[in-house]
Every structure is written in structure tokens, then in C-alpha cells.
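Student: My structure is stored as upload_12.cif, with mmCIF, C-alpha atoms.
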```cif
data_final
#
loop_
_atom_site.label_atom_id
_atom_site.label_comp_id
_atom_site.auth_asym_id
_atom_site.auth_seq_id
_atom_site.Cartn_x
_atom_site.Cartn_y
_atom_site.Cartn_z
CA MET A 24 10.43 12.46 -9.68
CA LYS A 25 14.11 11.52 -9.53
CA LYS A 26 15.09 14.41 -11.74
CA HIS A 27 13.53 16.82 -9.27
CA LEU A 28 15.48 15.27 -6.43
CA PHE A 29 18.67 16.64 -7.94
CA ASN A 30 19.14 20.03 -6.28
CA THR A 31 20.27 22.76 -8.67
CA ASN A 32 22.75 24.01 -6.12
CA TRP A 33 24.96 21.09 -6.81
CA LEU A 34 25.94 23.22 -9.79
CA PHE A 35 28.29 25.10 -7.45
CA LEU A 36 30.40 22.03 -6.79
CA LEU A 37 29.75 20.56 -10.20
CA THR A 38 31.18 23.73 -11.73
CA ILE A 39 34.29 23.39 -9.61
CA PHE A 40 34.72 19.80 -10.69
CA SER A 41 33.91 20.44 -14.35
CA LEU A 42 36.81 22.76 -15.10
CA PRO A 43 39.41 21.86 -17.77
CA LEU A 44 40.90 18.49 -16.98
CA TYR A 45 44.51 17.51 -16.81
CA GLY A 46 46.35 14.21 -16.58
CA GLN A 47 43.57 12.38 -18.44
CA THR A 48 44.19 8.91 -19.78
CA SER A 49 42.20 6.92 -22.30
CA GLY A 50 38.85 5.50 -21.15
CA LYS A 51 35.74 6.98 -19.60
CA LYS A 52 36.20 9.35 -16.69
CA TRP A 53 33.11 9.98 -14.56
CA THR A 54 32.39 13.57 -13.56
CA LEU A 55 30.62 14.33 -10.30
CA GLN A 56 27.39 15.16 -12.10
CA GLU A 57 27.48 11.86 -14.00
CA CYS A 58 28.00 9.98 -10.74
CA VAL A 59 25.07 11.73 -9.05
CA ASP A 60 22.72 11.36 -12.03
CA TYR A 61 23.55 7.67 -12.40
CA ALA A 62 23.08 6.99 -8.69
CA LEU A 63 19.69 8.73 -8.62
CA ASN A 64 18.51 6.42 -11.39
CA HIS A 65 20.09 3.15 -10.26
CA ASN A 66 20.62 3.15 -6.51
CA ILE A 67 18.62 0.30 -4.95
CA GLN A 68 17.91 2.15 -1.71
CA LEU A 69 16.44 5.07 -3.64
CA LYS A 70 14.34 2.73 -5.79
CA LYS A 71 12.90 1.14 -2.64
CA SER A 72 12.02 4.56 -1.22
CA THR A 73 10.21 5.33 -4.49
CA ILE A 74 8.20 2.12 -4.12
CA ALA A 75 7.28 3.12 -0.56
CA GLN A 76 6.06 6.44 -1.96
CA GLN A 77 3.82 4.64 -4.46
CA MET A 78 2.43 2.43 -1.69
CA ALA A 79 1.55 5.51 0.34
CA GLU A 80 -0.35 6.91 -2.65
CA GLU A 81 -2.37 3.69 -2.78
CA ASP A 82 -3.33 4.16 0.87
CA VAL A 83 -4.64 7.63 0.01
CA LEU A 84 -6.82 6.25 -2.78
CA GLN A 85 -8.15 3.50 -0.55
CA SER A 86 -9.06 5.90 2.28
CA ARG A 87 -10.88 8.17 -0.18
CA ALA A 88 -12.84 5.22 -1.51
CA ALA A 89 -13.96 4.44 2.05
CA LEU A 90 -16.28 7.48 1.84
CA LEU A 91 -18.32 5.72 -0.85
CA PRO A 92 -20.98 3.04 -0.30
CA SER A 93 -19.93 -0.57 -0.61
CA LEU A 94 -21.86 -2.87 -2.91
CA SER A 95 -21.76 -6.65 -2.96
CA ALA A 96 -23.62 -9.50 -4.64
CA SER A 97 -23.85 -12.97 -3.19
CA THR A 98 -25.46 -16.31 -3.84
CA THR A 99 -25.69 -19.43 -1.72
CA GLN A 100 -26.45 -22.92 -3.00
CA SER A 101 -27.04 -25.65 -0.46
CA MET A 102 -28.15 -29.26 -0.37
CA THR A 103 -30.03 -30.64 2.65
CA TYR A 104 -30.47 -34.28 3.60
CA ARG A 105 -33.31 -35.06 6.03
CA PRO A 106 -33.54 -38.87 6.54
CA PHE A 107 -36.42 -38.98 9.03
CA ILE A 108 -38.92 -36.67 7.38
CA ALA A 109 -42.49 -37.19 8.74
CA SER A 110 -44.52 -36.47 5.58
CA GLY A 111 -44.03 -36.19 1.86
CA GLN A 112 -46.14 -35.51 -1.20
CA SER A 113 -48.89 -37.61 -2.87
CA THR A 114 -49.86 -37.92 -6.55
CA VAL A 115 -52.62 -39.83 -8.44
CA ALA A 116 -51.51 -41.98 -11.37
CA ASN A 117 -53.56 -44.63 -13.18
CA GLY A 118 -56.17 -44.62 -10.47
CA TYR A 119 -53.65 -45.23 -7.72
CA VAL A 120 -52.50 -42.84 -5.07
CA GLN A 121 -48.71 -42.75 -4.93
CA SER A 122 -46.76 -41.04 -2.21
CA SER A 123 -43.07 -40.04 -2.16
CA ILE A 124 -40.77 -38.47 0.34
CA ASP A 125 -37.86 -36.25 -0.74
CA LYS A 126 -35.11 -36.76 1.79
CA VAL A 127 -32.70 -34.60 -0.22
CA TYR A 128 -33.63 -31.12 -1.37
CA TYR A 129 -31.84 -28.05 -2.67
CA ASN A 130 -32.00 -24.38 -1.66
CA GLY A 131 -30.67 -21.31 -3.40
CA SER A 132 -30.50 -17.66 -2.33
CA TYR A 133 -29.49 -14.56 -4.29
CA SER A 134 -28.92 -11.05 -2.96
CA VAL A 135 -27.39 -7.66 -3.67
CA ASN A 136 -26.52 -5.48 -0.65
CA ALA A 137 -25.23 -1.94 -0.18
CA ASN A 138 -23.80 -0.34 2.96
CA TRP A 139 -22.76 3.23 3.57
CA THR A 140 -21.22 4.75 6.67
CA VAL A 141 -22.82 8.19 6.83
CA TRP A 142 -20.87 9.49 9.83
CA ASN A 143 -18.34 7.95 12.19
CA GLY A 144 -16.98 10.94 14.05
CA ASN A 145 -15.07 12.16 10.96
CA ARG A 146 -12.79 9.15 11.30
CA ASN A 147 -12.82 8.51 7.54
CA LYS A 148 -12.06 12.12 6.62
CA ASN A 149 -9.25 12.35 9.16
CA THR A 150 -7.84 9.07 7.88
CA ILE A 151 -7.72 10.57 4.38
CA LYS A 152 -5.84 13.59 5.70
CA GLN A 153 -3.45 11.37 7.61
CA ASN A 154 -2.76 9.19 4.59
CA GLU A 155 -2.16 12.28 2.46
CA LEU A 156 0.39 13.43 5.03
CA SER A 157 1.97 9.96 4.92
CA ALA A 158 2.23 10.25 1.15
CA GLN A 159 3.96 13.60 1.48
CA MET A 160 6.28 12.13 4.09
CA ALA A 161 7.10 9.27 1.70
CA VAL A 162 8.11 11.83 -0.94
CA LEU A 163 10.31 13.57 1.62
CA ASP A 164 11.80 10.22 2.67
CA SER A 165 12.78 9.68 -0.95
CA ALA A 166 14.31 13.16 -1.06
CA ILE A 167 16.20 12.48 2.18
CA THR A 168 17.61 9.28 0.70
CA ALA A 169 18.59 11.06 -2.50
CA ARG A 170 20.35 13.87 -0.64
CA SER A 171 22.18 11.41 1.57
CA ILE A 172 23.43 9.55 -1.50
CA GLU A 173 24.47 12.80 -3.17
CA GLU A 174 26.42 13.89 -0.10
CA GLN A 175 28.14 10.51 0.20
CA ILE A 176 29.12 10.62 -3.48
CA THR A 177 30.50 14.15 -3.14
CA ARG A 178 32.47 13.23 -0.02
CA LEU A 179 34.06 10.24 -1.76
CA TYR A 180 34.66 12.21 -4.94
CA VAL A 181 36.55 14.92 -3.06
CA GLN A 182 38.48 12.31 -1.08
CA ILE A 183 39.56 10.62 -4.32
CA LEU A 184 40.66 13.93 -5.82
CA PHE A 185 42.65 14.81 -2.72
CA THR A 186 44.33 11.39 -2.59
CA LYS A 187 45.19 11.55 -6.28
CA GLU A 188 46.87 14.92 -5.81
CA THR A 189 48.69 13.47 -2.81
CA ILE A 190 50.10 10.88 -5.19
CA VAL A 191 51.38 13.69 -7.42
CA ILE A 192 53.16 15.25 -4.43
CA ASN A 193 54.60 11.88 -3.44
CA GLU A 194 55.80 11.30 -7.01
CA GLN A 195 57.55 14.66 -6.97
CA SER A 196 59.09 13.72 -3.63
CA LEU A 197 60.16 10.37 -5.07
CA ALA A 198 61.81 12.07 -8.03
CA THR A 199 63.77 14.27 -5.61
CA SER A 200 64.69 11.25 -3.48
CA ARG A 201 66.00 9.40 -6.50
CA LEU A 202 68.02 12.44 -7.52
CA ASN A 203 69.48 12.69 -4.01
CA GLU A 204 70.25 8.97 -4.00
CA GLU A 205 72.09 9.18 -7.31
CA ARG A 206 73.94 12.24 -6.07
CA GLY A 207 74.83 10.34 -2.89
CA LYS A 208 76.22 7.43 -4.87
CA THR A 209 78.48 9.82 -6.74
CA MET A 210 79.59 11.43 -3.49
CA VAL A 211 80.36 8.00 -1.99
CA GLU A 212 82.53 7.19 -4.99
CA VAL A 213 84.61 10.36 -4.49
CA GLY A 214 84.72 9.92 -0.73
CA GLN A 215 82.48 12.87 0.16
CA MET A 216 79.76 10.71 1.82
CA SER A 217 79.71 7.57 3.88
CA LYS A 218 77.79 4.47 2.89
CA ALA A 219 75.67 4.90 6.03
CA ASP A 220 74.46 8.28 4.79
CA LEU A 221 73.78 6.78 1.38
CA ALA A 222 71.70 4.08 3.05
CA GLN A 223 69.52 6.80 4.61
CA LEU A 224 68.95 8.34 1.18
CA THR A 225 68.01 4.92 -0.17
CA ALA A 226 65.61 4.41 2.72
CA GLN A 227 64.03 7.80 1.96
CA ARG A 228 63.54 6.80 -1.65
CA ALA A 229 61.95 3.48 -0.61
CA SER A 230 59.68 5.30 1.85
CA ASP A 231 58.45 7.60 -0.92
CA GLU A 232 57.74 4.59 -3.12
CA TYR A 233 55.76 3.01 -0.29
CA ASN A 234 53.74 6.21 0.21
CA ILE A 235 52.76 6.19 -3.45
CA VAL A 236 51.65 2.55 -3.29
CA ALA A 237 49.64 3.24 -0.10
CA ALA A 238 47.95 6.29 -1.66
CA GLU A 239 47.10 4.35 -4.83
CA SER A 240 45.57 1.62 -2.65
CA ASN A 241 43.44 4.25 -0.89
CA VAL A 242 42.23 5.58 -4.23
CA LYS A 243 41.15 2.07 -5.24
CA SER A 244 39.30 1.69 -1.95
CA TYR A 245 37.45 5.00 -2.39
CA LEU A 246 36.60 4.14 -6.00
CA PHE A 247 35.21 0.81 -4.82
CA GLN A 248 32.98 2.57 -2.30
CA LEU A 249 31.82 5.01 -4.97
CA LYS A 250 30.98 2.13 -7.31
CA GLN A 251 28.83 0.60 -4.59
CA LEU A 252 26.82 3.79 -4.24
CA LEU A 253 26.33 3.86 -8.01
CA GLU A 254 25.38 0.15 -8.02
CA LEU A 255 28.07 -0.54 -10.62
CA THR A 256 29.10 -4.19 -10.84
CA ASP A 257 30.78 -4.46 -14.25
CA ALA A 258 33.08 -1.40 -14.33
CA SER A 259 36.47 -2.81 -13.41
CA ASP A 260 38.22 0.21 -14.93
CA PHE A 261 35.96 2.74 -13.19
CA ASP A 262 37.63 6.09 -12.57
CA ILE A 263 36.65 9.73 -12.06
CA ALA A 264 37.61 12.84 -13.98
CA THR A 265 40.37 14.88 -12.34
CA PRO A 266 39.57 18.59 -12.65
CA SER A 267 41.82 21.46 -11.74
CA THR A 268 41.00 23.68 -8.77
CA THR A 269 42.11 27.20 -7.92
CA ASP A 270 43.22 28.81 -4.69
CA ALA A 271 40.50 31.45 -5.11
CA GLN A 272 37.81 28.79 -4.61
CA ALA A 273 39.21 28.07 -1.15
CA LEU A 274 39.46 31.75 -0.24
CA GLU A 275 35.91 32.91 -1.01
CA PRO A 276 33.73 34.25 1.85
CA ILE A 277 32.21 31.66 4.19
CA PRO A 278 28.41 31.91 4.67
CA ALA A 279 27.21 32.95 8.14
CA LEU A 280 26.29 30.05 10.42
CA SER A 281 22.97 31.48 11.66
CA GLU A 282 21.83 32.39 8.15
CA VAL A 283 22.59 28.92 6.81
CA TYR A 284 20.73 27.29 9.69
CA GLN A 285 17.59 29.42 9.30
CA LEU A 286 17.45 28.71 5.57
CA ALA A 287 18.03 25.00 6.19
CA LEU A 288 15.12 24.87 8.63
CA ALA A 289 12.82 26.03 5.83
CA SER A 290 14.12 23.68 3.15
CA ARG A 291 15.64 20.47 4.50
CA PRO A 292 13.34 17.45 3.84
CA GLU A 293 14.12 15.83 7.20
CA ILE A 294 12.77 18.91 9.02
CA GLN A 295 9.68 19.08 6.83
CA ASN A 296 9.16 15.36 7.41
CA ALA A 297 9.29 15.81 11.19
CA ARG A 298 6.76 18.65 11.01
CA LEU A 299 4.39 16.50 8.96
CA ALA A 300 4.79 13.74 11.53
CA ILE A 301 3.49 16.15 14.18
CA GLU A 302 0.44 16.96 12.04
CA SER A 303 -0.15 13.26 11.49
CA SER A 304 0.01 12.59 15.24
CA GLU A 305 -2.59 15.33 15.84
CA LEU A 306 -4.90 13.61 13.36
CA SER A 307 -4.30 10.32 15.20
CA ILE A 308 -5.65 11.98 18.34
CA ASP A 309 -8.80 13.09 16.48
CA ILE A 310 -9.24 9.60 15.03
CA ALA A 311 -8.90 8.06 18.49
CA LYS A 312 -11.47 10.51 19.91
CA ALA A 313 -13.95 9.33 17.28
CA GLY A 314 -14.13 6.03 19.13
CA LYS A 315 -16.28 7.79 21.75
CA LEU A 316 -18.79 9.08 19.19
CA PRO A 317 -21.82 7.35 17.61
CA THR A 318 -21.65 5.84 14.15
CA ILE A 319 -24.50 6.25 11.66
CA GLY A 320 -24.88 3.93 8.69
CA VAL A 321 -27.49 3.03 6.12
CA SER A 322 -27.98 -0.21 4.25
CA ALA A 323 -30.15 -1.52 1.46
CA GLY A 324 -30.53 -4.84 -0.26
CA VAL A 325 -32.60 -6.98 -2.62
CA GLY A 326 -32.81 -10.76 -2.59
CA THR A 327 -34.74 -13.88 -3.45
CA ASN A 328 -34.49 -17.62 -2.93
CA THR A 329 -35.52 -20.96 -4.38
CA THR A 330 -35.99 -24.52 -3.08
CA SER A 331 -36.55 -27.91 -4.67
CA MET A 332 -39.32 -28.60 -2.10
CA SER A 333 -41.62 -26.26 -3.99
CA ASP A 334 -43.76 -27.36 -6.93
CA ARG A 335 -43.29 -24.00 -8.62
CA ALA A 336 -40.76 -23.44 -11.38
CA TRP A 337 -37.37 -21.97 -10.55
CA GLY A 338 -38.13 -18.69 -12.36
CA SER A 339 -41.50 -18.37 -10.65
CA GLN A 340 -39.87 -18.84 -7.25
CA LEU A 341 -37.34 -16.12 -8.01
CA LYS A 342 -40.20 -13.73 -8.73
CA THR A 343 -42.52 -14.60 -5.85
CA ASN A 344 -39.75 -14.76 -3.25
CA PHE A 345 -38.18 -11.45 -4.29
CA ASP A 346 -37.84 -8.87 -1.50
CA ALA A 347 -36.16 -5.53 -0.93
CA SER A 348 -35.05 -3.88 2.30
CA VAL A 349 -33.61 -0.63 3.54
CA GLY A 350 -32.44 0.30 7.00
CA ALA A 351 -30.43 2.63 9.16
CA THR A 352 -28.06 1.82 12.01
CA LEU A 353 -27.07 3.96 14.96
CA SER A 354 -24.21 2.53 16.97
CA ILE A 355 -23.46 4.17 20.32
CA PRO A 356 -20.29 3.02 22.12
CA LEU A 357 -20.93 2.34 25.80
CA PHE A 358 -18.08 0.16 27.00
CA ASP A 359 -15.27 -1.13 24.78
CA ASN A 360 -12.89 -2.64 27.34
CA ARG A 361 -10.82 0.58 27.41
CA GLN A 362 -9.83 0.29 23.75
CA THR A 363 -10.75 3.90 22.90
CA LYS A 364 -9.06 5.35 25.97
CA THR A 365 -5.90 3.38 25.34
CA ALA A 366 -5.82 4.43 21.67
CA LEU A 367 -6.31 8.09 22.67
CA ASN A 368 -3.57 8.01 25.31
CA LYS A 369 -1.13 6.33 22.91
CA ALA A 370 -1.96 8.91 20.21
CA ARG A 371 -1.20 11.74 22.65
CA LEU A 372 2.07 10.09 23.65
CA GLN A 373 3.00 9.71 19.98
CA HIS A 374 2.31 13.40 19.51
CA GLU A 375 4.74 14.23 22.31
CA SER A 376 7.29 11.88 20.75
CA SER A 377 6.87 13.62 17.37
CA LEU A 378 7.55 17.00 19.00
CA LEU A 379 10.73 15.60 20.52
CA ASP A 380 11.73 14.10 17.15
CA LEU A 381 11.48 17.55 15.56
CA GLN A 382 13.64 19.06 18.29
CA SER A 383 16.16 16.27 17.84
CA LYS A 384 16.32 16.73 14.07
CA GLU A 385 16.68 20.50 14.43
CA LYS A 386 19.50 19.97 16.89
CA GLU A 387 21.14 17.42 14.61
CA LEU A 388 20.80 19.78 11.64
CA TYR A 389 22.40 22.63 13.57
CA SER A 390 25.22 20.34 14.68
CA THR A 391 25.86 19.26 11.09
CA ILE A 392 25.87 22.81 9.75
CA GLU A 393 28.02 24.05 12.60
CA SER A 394 30.48 21.25 11.90
CA TYR A 395 30.73 22.28 8.24
CA TRP A 396 31.08 25.93 9.27
CA ILE A 397 33.82 25.25 11.81
CA ASP A 398 35.67 23.03 9.33
CA ALA A 399 35.36 25.71 6.63
CA VAL A 400 36.71 28.47 8.89
CA THR A 401 39.45 26.29 10.34
CA ASN A 402 40.62 24.87 7.02
CA GLN A 403 40.53 28.25 5.31
CA SER A 404 42.82 29.62 8.01
CA LYS A 405 45.02 26.55 7.69
CA PHE A 406 45.13 27.00 3.93
CA LYS A 407 46.29 30.59 4.19
CA ALA A 408 49.01 29.60 6.65
CA ALA A 409 49.91 26.52 4.61
CA GLN A 410 50.48 28.62 1.49
CA THR A 411 53.10 30.65 3.34
CA ALA A 412 54.60 27.54 4.94
CA THR A 413 54.89 25.73 1.59
CA SER A 414 56.60 28.70 -0.04
CA SER A 415 59.04 28.99 2.87
CA GLU A 416 59.78 25.27 2.99
CA GLN A 417 60.31 25.19 -0.79
CA THR A 418 62.85 28.02 -0.59
CA SER A 419 64.48 26.43 2.45
CA TYR A 420 64.79 23.05 0.79
CA GLU A 421 66.30 24.50 -2.37
CA LEU A 422 68.95 26.24 -0.23
CA LEU A 423 69.55 23.07 1.78
CA SER A 424 69.92 21.03 -1.39
CA GLU A 425 72.49 23.42 -2.79
CA GLN A 426 74.36 23.58 0.53
CA PHE A 427 74.30 19.78 0.74
CA ARG A 428 75.77 19.57 -2.74
CA LEU A 429 78.57 21.89 -1.60
CA GLY A 430 79.11 19.84 1.55
CA LEU A 431 77.84 22.54 3.91
CA LYS A 432 74.86 20.53 5.19
CA ASN A 433 74.69 16.93 6.30
CA ILE A 434 72.29 14.20 5.24
CA ILE A 435 70.03 14.60 8.31
CA GLU A 436 69.44 18.29 7.58
CA LEU A 437 68.65 17.52 3.93
CA MET A 438 66.16 14.78 4.75
CA THR A 439 64.52 16.90 7.44
CA GLY A 440 64.12 19.76 4.98
CA LYS A 441 62.58 17.44 2.39
CA THR A 442 60.16 15.97 4.94
CA ASN A 443 59.10 19.44 6.03
CA LEU A 444 58.47 20.44 2.42
CA VAL A 445 56.32 17.39 1.65
CA THR A 446 54.37 17.87 4.88
CA ALA A 447 53.72 21.53 4.03
CA GLN A 448 52.57 20.62 0.52
CA GLN A 449 50.19 17.95 1.82
CA ASN A 450 48.81 20.29 4.50
CA GLU A 451 48.15 22.96 1.89
CA LEU A 452 46.45 20.46 -0.42
CA GLN A 453 44.29 18.98 2.32
CA SER A 454 43.17 22.33 3.75
CA LYS A 455 42.41 23.57 0.24
CA TYR A 456 40.10 20.68 -0.64
CA MET A 457 38.46 20.64 2.77
CA THR A 458 37.74 24.37 2.57
CA ILE A 459 36.17 24.07 -0.90
CA TYR A 460 34.10 21.08 0.20
CA ASN A 461 32.82 22.64 3.43
CA ILE A 462 31.97 25.99 1.81
CA TYR A 463 29.97 24.11 -0.78
CA MET A 464 28.12 22.08 1.86
CA LEU A 465 27.15 25.28 3.66
CA LYS A 466 25.72 26.69 0.44
CA TYR A 467 24.01 23.38 -0.29
CA TYR A 468 22.26 23.34 3.10
CA SER A 469 21.17 26.98 2.78
CA GLU A 470 19.37 26.63 -0.54
CA ILE A 471 15.57 26.60 -0.61
#
```
Any chance you could put this one into C-alpha cells?

Tutor:
Amino acid sequence: MKKHLFNTNWLFLLTIFSLPLYGQTSGKKWTLQECVDYALNHNIQLKKSTIAQQMAEEDVLQSRAALLPSLSASTTQSMTYRPFIASGQSTVANGYVQSSIDKVYYNGSYSVNANWTVWNGNRNKNTIKQNELSAQMAVLDSAITARSIEEQITRLYVQILFTKETIVINEQSLATSRLNEERGKTMVEVGQMSKADLAQLTAQRASDEYNIVAAESNVKSYLFQLKQLLELTDASDFDIATPSTTDAQALEPIPALSEVYQLALASRPEIQNARLAIESSELSIDIAKAGKLPTIGVSAGVGTNTTSMSDRAWGSQLKTNFDASVGATLSIPLFDNRQTKTALNKARLQHESSLLDLQSKEKELYSTIESYWIDAVTNQSKFKAAQTATSSEQTSYELLSEQFRLGLKNIIELMTGKTNLVTAQQNELQSKYMTIYNIYMLKYYSEI
């Protein structure tokens, strides 16, 4: 079952994150597909949902068996003590009449009985249908759990990739800061820069070092969260593969919001689950109505008994006391202290609640999809603008750096130009990853 929970449309994002890798180091690097596959097989929450599914299947089997007659065998062995018995038994021995009284005697009974409910207002059949719906809902609950885990893994995976690339940008910035600092030291030595300006360059270099440490700490935090989803406890060197991405992936057409939503309504397990809950509540109403209807049952049994008070042998008593019976029962409810009416009213209220649950889930689904769509449109626009901004800031900083070297620009202008460049690079990177992620999520929600 777990294999089927893995939606084939994850191939879209898996393809993106399975491109040729760069910056690899020794040791295992987990791809997105490996993370998802491992989680679907080891996540405790998903295993518990699978157990709930199996329990629901047992309920179905039990309700089906309720249509069959029940058969039971029983025996009772009892000892009776009667101290003040009025008469006993007499025997003749050697010409004398002897009498004895048995104050203690033993009884035994043996029976086999069968009972069958012929009709109870279709309560049994409706219970079977309801349990079958519950089993289907348990399967959907498992699918909902699996999809939730997959989405959480993907979100963390993308966040890790983005943060790692942020580290690359910060390292490039640090390299530039170190170069500027060394250049500043030389300029101080020849009297072209004050020590105060040099201190600002040193502070910039230290700030870049801090940013790298902070980003590396964030990566460790995200990796820790990902390990928890995978239920990994012994992978201290756990890390993910770092694939390359292209600008074209962030610039592809964004699916239409209404189309994605309509397709999601037909495929999302949480919506299907809510619809099944409505069907189940309708069956609950029919089951409650059955409390007003008669119940017809038949029974049959065979039995015999023995007692130590009899002079006959035990086997003879079994034979002579043997009896068989058959009967039918018609039970007509007249007054049940409002139990049936209460059950019916509660079933109807549950039906109304189920209808509201469906509306709520549809609204929540639309809100989720709309959020992905808005983020995709917004970040794609940001990405296009960020590409231009990064190119402009790169050209501007190169000119500022050369002018600073020639003494035409001061330290404040240089540092401002560098900050603007790093900000533009980070904005481009963030909008790029967010666009790819949100476009994928829209495609993921629209697949049937």
C-alpha cells in the first residue's frame, strides 16, 4: 500500500532535484526521492495510520459475520446440599430394610443453541456499508498522512537547498570583503585611507563571516527536522544531495488557479474522505431509524441433563432427558425511554456537521491552492526583476570597486554597493527557488 501512496507527479520535482550534482563531498547524499521513499516506509505516524486501516478492515469482517447465525455449546455442573430433606431411598439387604438420605447431589446440563436475526430493519446491512466506508476513509487517512509527510519533506528539502546556496553567496561576499580589507591595509600603509575606514572594512568582513556561520546553523536545523520526519536516529552525518537548477524552471507557465482547484476537488484524499463521511452519516440515520422497526429472530437448540438423584446410569439419563426446541421471536419496540429518537436526532445533526466539514475542507483546499498560486505569480515576477537587479548591481559594484581603487569613491559608497549586490543576489535566489517550489505544488495538487 505504501508504494501506491507515492504520487507519480512527484517526478516533476524529483527530476528538478535529480539533475547533475555539484559541490559533492564524500559520504552519502540523500536525494529527495530517497527521503520520501524512506519516510513512507519508516515514519511512525504513517505506520500508525496503516494499523488504523487494518483495524477498520476487521470491523468490516465482523459486521459481515453478524449476518450469519450464532452457535454456542454450553454445559453446567452443579452440586446441591440439602440438609433437611424429608425423605430418602430404601433398600433391602440381608433381610433388613435400610434407608438412606442423600443430602448432597449433583446435576449436569448440556446444550447446543443457535440464534439468527432474520431482520432488524436492515440495521446489519447498513452497518456493513458504514464499516466499508470507514475502511475506505482509513485508507484515505493514510494517504492524507503520506501526502502531508511528502509535502513537509519537500518544503524542508527546498529550504535546505536555498540556505546552502545562500552560503555560497555569502562566501563569495566574504572573499570580496577579505580582498577589500587587504587592499585597505595597503592603502593605509601608503596614506590613502584612514584607520577608521579600514575598521569598517574589517567589520564588513566579520559580518560576512557571521552570516556564513548563521546560515550553516540554519542548514543544520533544517537537516535535523528532516531527520525527524525520516525517523533517523543514527545518521549524525546526514546530508542531502545538492542539485543544480536552471532559470528556465522558474520561468515556465503557471497553471491556472481555477483549473488546479477543480482537479484537486476530484483527487485530494481529504475531500474524498469528507464526502465519504457524509455517506456514513446518512447510513447512521438509517441505522437509527431501524430502532423504530420490529426485529425478527429464530432460535433452535438441543439439550439434556443428568442428576445423581436418579437411579439410572449417566448415559441413560443423557438419552432419556434429551430434548430439542425451535422458536421464533418478534420484538416490537413500544417505548425505549427516548433512546431511538435521541439516536436519530444525533445522527441527523452529525450529517449536518459532515456537510459543514466538507465545505470547510473545500474552502481550506482553495485557500491552500490560491496561496501557492499567488506565491508562484509573485515570486516569478520578483525573479524576473531580480535577474535585472542582480546584473545591474554586479556592474555597478565592479565600477565602484575600480573607482574606489583609484580613490574616486569612498569606503561608504563601496560598502553600500557591495551590500546592494549581495541583497540582489539573495533576492534572485530566493524568488527562483520559491517559484520552482510553488509551480510544482500547483501541479502536484492538480494531478488525479

Student: Using all atoms listed in the file, which residue out of A:Asp380, A:Glu254, A:Glu436, A:Glu155 lies closest to Leu69 in chain A?

Tutor: A:Glu254

Student: Written as a list in words, which residues does the PyMOL selection byres ((chain A and resi 391-403) around 7) give for the file shown?

Tutor: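 Answer for the PyMOL selection byres ((chain A and resi 391-403) around 7): Ala273, Leu274, Leu280, Tyr284, Glu387, Leu388, Tyr389, Ser390, Ser404, Lys405, Phe406, Lys407, Ser454, Met457, Thr458, Asn461, Ile462, Met464 and Leu465 of chain A.
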
Student: Can you translate the PyMOL selection byres ((chain A and resi 227) around 9) into the concrete residues it hits in this file, as a ChimeraX atom specification?

Tutor: /A:197,200-201,204,222-226,228-232,438

Student: Under the PyMOL selection byres ((chain A and resi 373-379) around 12), which residues of this model are included? Write them out as a list of chain:residue names.

Tutor: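 Output from the PyMOL selection byres ((chain A and resi 373-379) around 12), applied to this file: A:Ile294, A:Asn296, A:Ala297, A:Arg298, A:Leu299, A:Ala300, A:Ile301, A:Glu302, A:Ser303, A:Ser304, A:Glu305, A:Leu306, A:Ser307, A:Ile308, A:Asp309, A:Ala366, A:Leu367, A:Asn368, A:Lys369, A:Ala370, A:Arg371, A:Leu372, A:Asp380, A:Leu381, A:Gln382, A:Ser383, A:Lys384, A:Glu385, A:Lys386.
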
Student: Could you work out how far CA of Val141 in chain A lies from CA of Thr327 in chain A, giving the answer in Å with one decimal?

Tutor: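 Atom-to-atom, CA of Thr327 in chain A to CA of Val141 in chain A, that is 27.1 Å.
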
Student: Would you work out the distance separating CA of Tyr128 in chain A from CA of Gly324 in chain A, expressed in Å to one decimal?

Tutor: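 Pair CA of Tyr128 in chain A / CA of Gly324 in chain A returns 26.5 Å.
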
Student: Just to confirm, what's the straight-line distance from CA of Ser348 in chain A to CA of Tyr133 in chain A in Å (one decimal)?

Tutor: 13.7 Å

Student: Got a sec: who's within 6 Å of Ser469 in chain A, counting only C-alpha atoms, leaving out chain neighbours fewer than 4 positions off, as a list of chain:residue names?

Tutor: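 These residues fall inside the cut-off: A:Val283, A:Leu286, A:Ala287.
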
Student: Could you work out an axis-aligned bounding box for all listed atoms of range 159-170 of chain A, with 3 Å added on each of the six sides, and give its centre and edge lengths in Å to one decimal, as AutoDock Vina command-line options?

Tutor:
```
--center_x 12.2 --center_y 11.6 --center_z 0.8 --size_x 22.4 --size_y 10.6 --size_z 12.6
```

Student: Return the single residue from A:Asn450, A:Ser354, A:Gln68, A:Ser331 that is closest to Phe185 in chain A, with distances computed using only C-alpha atoms.

Tutor: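 Nearest to Phe185 in chain A: A:Asn450.
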
Student: Out of A:Ile176, A:Leu341, A:Leu90, A:Leu184, which residue has the shortest atom-to-atom distance to Thr268 in chain A when counting all atoms listed in the file?

Tutor: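 So, comparing all the options, the nearest one is A:Leu184.
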
Student: Select, counting only C-alpha atoms, all protein, DNA and RNA residues no farther than 12 Å from (16.7, 10.6, 1.1) in file coordinates, and express the selection as an MDAnalysis selection string.

Tutor: chainID A and resid 25 28:29 63 66 68:73 76 160:175 291:293 296

Student: Please determine, counting all atoms listed in the file, which residue among A:Met210, A:Leu253, A:Thr189, A:Phe427 has the shortest atom-to-atom distance to Ala447 in chain A.

Tutor: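 Ranked by minimum distance to Ala447 in chain A, first place goes to A:Thr189.
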
Student: Quick one: residues within 9 Å of Ile151 in chain A, all atoms listed in the file counted, chain neighbours fewer than 3 positions away excluded, as a VMD selection string?

Tutor: chain A and resid 82 to 87 146 to 148 154 to 156

Student: Could you list, as a ChimeraX atom specification, every residue within 12 Å of Gly430 in chain A, counting all atoms listed in the file and ignoring same-chain residues fewer than 3 positions away?

Tutor: /A:206-207,210,214-216,423-427,433-434,436-437

Student: Between A:Glu451, A:Ile74, A:Ala238, A:Gly314, which has the minimum distance to Gln362 in chain A (counting all atoms listed in the file)?

Tutor: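 Residue with the minimum atom-to-atom distance to Gln362 in chain A: A:Gly314.
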
Student: Using only C-alpha atoms, can you tell me which of A:Thr365, A:Ser244, A:Gln195, A:Thr446 comes closest to Gln410 in chain A?

Tutor: A:Thr446

Student: Write out as a PyMOL selection string which residues come within 9 Å of Ile319 in chain A when counting only C-alpha atoms, dropping same-chain ones fewer than 6 positions away.

Tutor: chain A and resi 139-143+351-355
